[in-house]
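Peer 1: This is work.cif, which holds mmCIF, C-alpha atoms:
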data_start
loop_
_atom_site.label_atom_id
_atom_site.label_comp_id
_atom_site.auth_asym_id
_atom_site.auth_seq_id
_atom_site.Cartn_x
_atom_site.Cartn_y
_atom_site.Cartn_z
CA MET U 1238 103.76 85.45 94.53
CA LYS U 1239 100.19 85.12 95.67
CA VAL U 1240 98.29 81.90 96.10
CA GLN U 1241 94.55 82.26 95.64
CA THR U 1242 91.97 80.11 97.44
CA VAL U 1243 89.55 78.19 95.26
CA PHE U 1244 86.56 78.95 97.50
CA PRO U 1245 85.83 82.67 97.96
CA LEU U 1246 86.53 83.65 101.51
CA THR U 1247 83.82 86.23 101.20
CA LEU U 1248 81.54 83.39 102.25
CA ALA U 1249 82.67 84.22 105.75
CA VAL U 1250 80.60 87.41 105.79
CA PHE U 1251 77.53 85.20 105.84
CA PHE U 1252 78.59 83.32 108.95
CA VAL U 1253 75.98 83.37 111.68
CA LEU U 1254 76.02 81.81 115.10
CA ILE U 1255 74.03 78.65 115.59
CA PRO U 1256 70.70 79.70 117.14
CA GLY U 1257 69.03 78.46 120.27
CA ASP U 1258 71.62 79.29 122.91
CA SER U 1259 71.76 81.89 125.59
CA PRO U 1260 75.07 82.93 127.19
CA GLN U 1261 73.25 83.74 130.41
CA SER U 1262 72.00 80.17 130.82
CA SER U 1263 75.33 78.36 130.38
CA ALA U 1264 78.17 77.39 132.63
CA GLN U 1265 81.75 78.31 131.89
CA THR U 1266 82.90 74.70 131.78
CA THR U 1267 82.09 72.46 128.83
CA PRO U 1268 81.12 68.84 129.54
CA SER U 1269 83.43 66.51 127.64
CA THR U 1270 80.46 64.53 126.34
CA THR U 1271 78.77 67.54 124.75
CA ILE U 1272 79.49 67.98 121.06
CA TYR U 1273 80.17 71.47 119.84
CA GLN U 1274 76.89 71.84 118.00
CA GLN U 1275 75.01 71.25 121.27
CA MET U 1276 77.05 73.65 123.40
CA THR U 1277 75.77 76.99 124.62
CA LEU U 1278 77.33 80.16 123.21
CA THR U 1279 79.51 80.61 126.27
CA GLN U 1280 80.65 76.99 126.16
CA ARG U 1281 81.52 77.32 122.48
CA ALA U 1282 83.52 80.47 123.15
CA THR U 1283 85.44 78.73 125.95
CA PHE U 1284 86.05 75.69 123.76
CA VAL U 1285 87.36 77.78 120.86
CA THR U 1286 89.65 79.79 123.14
CA GLU U 1287 91.17 76.63 124.63
CA LYS U 1288 91.55 74.79 121.35
CA ALA U 1289 92.94 77.78 119.44
CA ARG U 1290 95.69 78.01 122.04
CA GLU U 1291 96.37 74.31 121.68
CA ILE U 1292 96.73 74.74 117.92
CA SER U 1293 99.08 77.68 118.40
CA ARG U 1294 101.25 75.55 120.69
CA LYS U 1295 101.35 72.74 118.14
CA MET U 1296 102.28 75.22 115.42
CA SER U 1297 104.87 77.26 117.26
CA GLY U 1298 105.49 75.98 120.77
CA ASN U 1299 103.99 79.22 122.10
CA ASP U 1300 100.59 80.34 123.31
CA TYR U 1301 99.31 83.01 120.95
CA GLU U 1302 97.80 85.98 122.77
CA PHE U 1303 94.66 86.31 120.69
CA THR U 1304 92.30 89.19 121.32
CA THR U 1305 88.67 88.47 122.08
CA ALA U 1306 87.67 89.93 118.73
CA PHE U 1307 90.02 87.58 116.85
CA GLU U 1308 88.77 84.57 118.80
CA MET U 1309 85.25 85.55 117.74
CA GLU U 1310 86.39 85.45 114.11
CA ILE U 1311 87.73 81.93 114.66
CA GLN U 1312 84.47 80.92 116.31
CA ARG U 1313 82.42 82.20 113.37
CA ALA U 1314 84.52 80.03 111.08
CA VAL U 1315 84.17 77.04 113.40
CA ASP U 1316 80.39 77.56 113.37
CA MET U 1317 80.37 77.55 109.58
CA TYR U 1318 82.20 74.23 109.37
CA ALA U 1319 80.13 72.75 112.23
CA ARG U 1320 76.90 73.52 110.38
CA ARG U 1321 78.19 71.43 107.47
CA VAL U 1322 78.53 68.25 109.56
CA GLY U 1323 75.80 65.95 108.25
CA ASN U 1324 74.11 68.74 106.31
CA ASN U 1325 72.83 66.38 103.59
CA ALA U 1326 74.49 68.51 100.91
CA GLY U 1327 76.61 65.69 99.57
CA ASN U 1328 80.19 66.29 98.54
CA ILE U 1329 79.79 69.75 97.00
CA PRO U 1330 83.05 71.70 97.44
CA GLY U 1331 82.66 74.58 99.84
CA LYS U 1332 79.12 73.60 100.79
CA GLY U 1333 78.88 69.84 101.27
CA ASP U 1334 79.14 67.63 104.31
CA VAL U 1335 82.53 68.18 105.94
CA ARG U 1336 82.70 64.49 106.76
CA PHE U 1337 83.78 64.00 103.12
CA VAL U 1338 86.43 66.70 103.54
CA PHE U 1339 88.07 65.07 106.55
CA GLU U 1340 87.89 61.63 104.94
CA ARG U 1341 89.97 63.06 102.09
CA GLY U 1342 92.27 64.63 104.66
CA GLN U 1343 92.88 61.23 106.24
CA THR U 1344 94.08 59.92 102.89
CA VAL U 1345 96.64 62.66 102.20
CA ALA U 1346 97.72 63.32 105.81
CA PRO U 1347 100.87 61.13 105.70
CA THR U 1348 102.13 62.93 102.58
CA LEU U 1349 101.45 66.34 104.08
CA ILE U 1350 103.08 65.52 107.41
CA ARG U 1351 106.20 64.10 105.76
CA ASN U 1352 106.76 67.06 103.43
CA PHE U 1353 106.26 69.78 106.01
CA ARG U 1354 108.41 68.03 108.60
CA ALA U 1355 111.17 67.77 106.01
CA HIS U 1356 111.36 71.57 105.92
CA ASN U 1357 111.05 72.05 109.69
CA VAL U 1358 107.51 73.40 109.39
CA SER U 1359 104.84 72.24 111.81
CA PRO U 1360 102.79 69.40 110.28
CA VAL U 1361 99.68 71.16 111.62
CA ILE U 1362 100.26 73.89 109.05
CA GLY U 1363 100.71 71.35 106.29
CA LEU U 1364 97.60 69.44 107.29
CA TYR U 1365 95.14 72.32 107.30
CA LEU U 1366 96.52 74.73 104.71
CA PRO U 1367 95.16 72.61 101.83
CA LEU U 1368 91.82 72.26 103.60
CA VAL U 1369 91.39 76.03 103.46
CA GLU U 1370 92.71 76.19 99.92
CA SER U 1371 90.85 73.31 98.27
CA GLU U 1372 89.26 71.03 100.91
CA TYR U 1373 91.88 68.45 99.83
CA LEU U 1374 90.69 68.36 96.23
CA ASN U 1375 93.40 68.25 93.57
CA ILE U 1376 91.64 70.73 91.30
CA GLU U 1377 92.60 70.54 87.63
CA SER U 1378 90.54 73.46 86.28
CA PRO U 1379 92.23 76.83 86.91
CA ASN U 1380 90.24 79.37 88.89
CA SER U 1381 89.81 82.96 87.72
CA MET U 1382 93.41 83.71 88.73
CA GLY U 1383 94.82 80.55 87.13
CA ALA U 1384 95.47 78.65 90.37
CA VAL U 1385 95.30 74.84 90.28
CA GLY U 1386 95.96 71.81 92.43
CA MET U 1387 95.39 70.98 96.05
CA PHE U 1388 97.54 73.91 97.19
CA GLN U 1389 96.12 76.32 94.62
CA PHE U 1390 99.45 77.52 93.28
CA LEU U 1391 99.49 80.11 90.56
CA PRO U 1392 101.69 78.86 87.69
CA GLN U 1393 104.26 81.65 88.18
CA THR U 1394 104.47 80.95 91.91
CA GLY U 1395 104.83 77.26 91.27
CA GLU U 1396 107.59 77.95 88.77
CA HIS U 1397 109.41 80.04 91.40
CA TYR U 1398 109.42 76.95 93.63
CA GLY U 1399 110.52 74.63 90.85
CA LEU U 1400 107.15 73.20 89.84
CA SER U 1401 106.31 72.47 86.24
CA ALA U 1402 102.72 72.74 85.00
CA ALA U 1403 102.32 68.99 85.59
CA ASP U 1404 103.86 69.24 89.05
CA LEU U 1405 101.10 71.61 90.15
CA LEU U 1406 98.78 68.58 90.13
CA ASP U 1407 101.29 66.32 91.87
CA VAL U 1408 100.26 66.36 95.54
CA ASP U 1409 103.66 65.23 96.82
CA LYS U 1410 105.63 67.82 94.83
CA SER U 1411 103.19 70.64 95.47
CA ALA U 1412 103.17 69.83 99.19
CA ASP U 1413 106.95 70.11 99.20
CA ALA U 1414 106.74 73.49 97.43
CA ALA U 1415 104.05 74.73 99.82
CA ALA U 1416 106.21 73.73 102.78
CA ARG U 1417 109.10 75.74 101.31
CA TYR U 1418 106.77 78.69 100.70
CA ILE U 1419 105.69 78.65 104.35
CA ALA U 1420 109.29 78.19 105.51
CA ASP U 1421 110.24 81.32 103.57
CA GLY U 1422 107.40 83.17 105.30
CA LEU U 1423 108.57 81.99 108.71
CA ASN U 1424 112.01 83.35 107.91
CA THR U 1425 110.56 86.68 106.71
CA PHE U 1426 108.54 87.15 109.91
CA SER U 1427 111.03 85.43 112.23
CA THR U 1428 111.09 88.28 114.77
CA ASP U 1429 107.32 88.21 115.27
CA ARG U 1430 105.90 85.98 117.99
CA MET U 1431 103.09 85.05 115.59
CA LYS U 1432 105.29 84.35 112.61
CA GLU U 1433 103.36 81.18 111.75
CA ALA U 1434 100.06 83.05 111.44
CA LEU U 1435 101.74 85.75 109.36
CA ALA U 1436 103.33 83.14 107.08
CA LEU U 1437 99.86 81.68 106.51
CA LEU U 1438 98.46 85.10 105.72
CA ALA U 1439 101.35 85.69 103.33
CA TYR U 1440 100.52 82.43 101.54
CA ASN U 1441 97.16 83.93 100.66
CA ARG U 1442 98.05 87.62 100.40
CA GLY U 1443 101.71 87.67 99.41
CA GLY U 1444 104.68 88.34 101.65
CA ASN U 1445 105.39 91.86 100.44
CA ASN U 1446 101.81 92.91 101.07
CA VAL U 1447 101.85 91.51 104.60
CA GLU U 1448 105.16 93.23 105.38
CA ARG U 1449 103.64 96.51 104.20
CA ASP U 1450 100.50 95.93 106.26
CA ILE U 1451 102.55 95.29 109.38
CA ALA U 1452 104.65 98.41 108.85
CA THR U 1453 101.47 100.44 108.48
CA LEU U 1454 99.31 99.08 111.30
CA VAL U 1455 101.37 97.18 113.88
CA ASN U 1456 102.98 99.10 116.73
CA ASP U 1457 104.24 98.56 120.27
CA GLN U 1458 100.69 98.66 121.64
CA ASN U 1459 99.24 95.91 119.43
CA ARG U 1460 102.36 93.90 118.52
CA ALA U 1461 101.53 91.10 121.00
CA CYS U 1462 99.02 89.87 118.42
CA SER U 1463 100.05 91.25 115.07
CA ILE U 1464 97.55 89.12 113.15
CA CYS U 1465 94.80 90.47 115.43
CA ALA U 1466 95.95 94.04 114.77
CA LEU U 1467 95.64 93.55 111.01
CA THR U 1468 92.26 91.85 111.27
CA GLU U 1469 90.79 94.44 113.60
CA GLN U 1470 91.98 97.30 111.40
CA LYS U 1471 90.86 95.74 108.14
CA ASP U 1472 89.04 98.93 107.09
CA LYS U 1473 92.44 100.60 106.76
CA LEU U 1474 93.62 97.99 104.27
CA ASP U 1475 92.71 97.32 100.66
CA LYS U 1476 89.56 95.71 99.28
CA THR U 1477 91.25 92.35 98.74
CA PHE U 1478 92.21 92.15 102.39
CA ARG U 1479 88.76 93.20 103.55
CA SER U 1480 86.88 90.78 101.30
CA GLU U 1481 89.20 87.77 101.31
CA ASN U 1482 92.49 87.80 103.19
CA VAL U 1483 91.01 88.84 106.54
CA TYR U 1484 89.18 85.50 106.84
CA TYR U 1485 92.10 83.26 105.93
CA VAL U 1486 93.88 82.76 109.25
CA PRO U 1487 90.69 82.47 111.35
CA ARG U 1488 89.46 79.89 108.87
CA PHE U 1489 92.73 77.98 109.15
CA PHE U 1490 92.45 77.86 112.93
CA ALA U 1491 88.84 76.73 112.67
CA ALA U 1492 89.80 73.90 110.31
CA ALA U 1493 92.63 72.82 112.62
CA ILE U 1494 90.40 72.91 115.70
CA ILE U 1495 87.92 70.56 114.05
CA GLY U 1496 90.53 68.33 112.44
CA GLU U 1497 92.41 67.89 115.71
CA ASN U 1498 89.22 67.41 117.76
CA PRO U 1499 86.92 65.54 115.36
CA GLN U 1500 84.85 63.70 117.95
CA ALA U 1501 83.93 67.02 119.59
CA PHE U 1502 82.04 67.75 116.36
CA GLY U 1503 80.48 64.34 115.89
CA LEU U 1504 83.08 63.17 113.37
CA GLN U 1505 84.11 59.53 113.66
CA THR U 1506 87.69 60.04 112.49
CA ARG U 1507 91.09 60.37 114.10
CA PRO U 1508 92.87 63.70 114.55
CA LEU U 1509 94.74 64.24 111.30
CA SER U 1510 98.06 64.83 113.06
CA THR U 1511 97.97 61.27 114.46
CA ILE U 1512 97.97 59.67 111.01
CA GLU U 1513 101.47 58.68 110.03
CA ALA U 1514 102.84 57.11 106.88
CA LYS U 1515 103.15 53.35 107.00
CA PRO U 1516 106.71 52.04 107.37
#
Rewrite the structure from the file as structure tokens, please.
Peer 2:
Amino acid sequence: MKVQTVFPLTLAVFFVLIPGDSPQSSAQTTPSTTIYQQMTLTQRATFVTEKAREISRKMSGNDYEFTTAFEMEIQRAVDMYARRVGNNAGNIPGKGDVRFVFERGQTVAPTLIRNFRAHNVSPVIGLYLPLVESEYLNIESPNSMGAVGMFQFLPQTGEHYGLSAADLLDVDKSADAAARYIADGLNTFSTDRMKEALALLAYNRGGNNVERDIATLVNDQNRACSICALTEQKDKLDKTFRSENVYYVPRFFAAAIIGENPQAFGLQTRPLSTIEAKP
């Protein structure tokens, strides 16, 4: 039961750091008035480390012990999104100004929060999963794998979670199904400290594949960050992981960092998690 993303994650291989900064010339602390795009490389790295931990606490109540290499993957994804703020590319999916993306997110946030809370899944997961999948677009045309909707369910996966063909384009019903899908992943990986990250990876890669990957590559030495272990040993996994799945969780964290700290990126919106349904 694999859910495919509508935008190829292979775009991540083209990520480059924003030029013009020198780590040697920066301080370790980041002034609160400096937006991310104006920070030095060292300041960006410090910012991403701090905010990724905040996201992990919101997701799980724990501080994830990310490796430096994994944090760099998150930062590359943050840089990609940051370059799209005010990029004059309109509302082109996957390329356009991310201000349009987060405006759409504001609209659907109450529905996402309500459905994920109903299944005891962190609303942070519900808020940023569909950003990675579709940038909050309820896509009617199937992709090459047949996935549709805001959550990019394959028809057979949707059917497993009780969705009809029409329901795949119903944001409320598909959000409920996605919350149940993630809840199943959390149960599957319940003994892992990073079960939330693994459940997200399973949403993109499939639970059985992730279980196999863990059995193959995760051991007592690298278990503190199982998602890091998989990412850093991607060359030992299949082509699909190397070209697509490896970027999924870093991209999720990047989306959540921006969505929960919009003003740090020059976005004049509220953090998505603060938007509740009207009584």
Peer 1: Please, what distance in Å, to one decimal, runs between atom CA of Ile1292 of chain U and atom CA of Phe1490 of chain U?
Peer 2: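 Straight-line distance from atom CA of Ile1292 of chain U to atom CA of Phe1490 of chain U works out to 7.3 Å.
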Peer 1: Of the candidates U:Glu1287, U:Asp1409, U:Glu1497, U:Glu1448, which shows the shortest atom-to-atom distance to Leu1349 of chain U, using only C-alpha atoms?
Peer 2: U:Asp1409
Peer 1: For a test of reading the model, state the distance in Å between atom CA of Ala1436 of chain U and atom CA of Gly1422 of chain U, rounded to one decimal.
Peer 2: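 Atom CA of Gly1422 of chain U lies 4.4 Å from atom CA of Ala1436 of chain U.
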Peer 1: Which residues would end up in the selection if the PyMOL selection byres ((chain U and resi 1503) around 12) were applied here, given that I need the answer as a ChimeraX atom specification?
Peer 2: /U:1270-1275,1318-1323,1335-1336,1495-1496,1498-1502,1504-1507
Peer 1: Once you count only C-alpha atoms, what closest atom pair and distance in Å to one decimal does each residue of segment 1299-1363 of chain U within 12 Å of segment 1376-1398 of chain U have, with rows by chain and rising residue number, as a Markdown table?
Peer 2:
| residue | atom | partner | partner_atom | distance |
| --- | --- | --- | --- | --- |
| U:Pro1330 | CA | U:Ile1376 | CA | 10.6 |
| U:Arg1341 | CA | U:Met1387 | CA | 11.3 |
| U:Gly1342 | CA | U:Met1387 | CA | 11.1 |
| U:Val1345 | CA | U:Met1387 | CA | 10.4 |
| U:Leu1349 | CA | U:Phe1388 | CA | 11.0 |
| U:Gly1363 | CA | U:Phe1388 | CA | 10.0 |
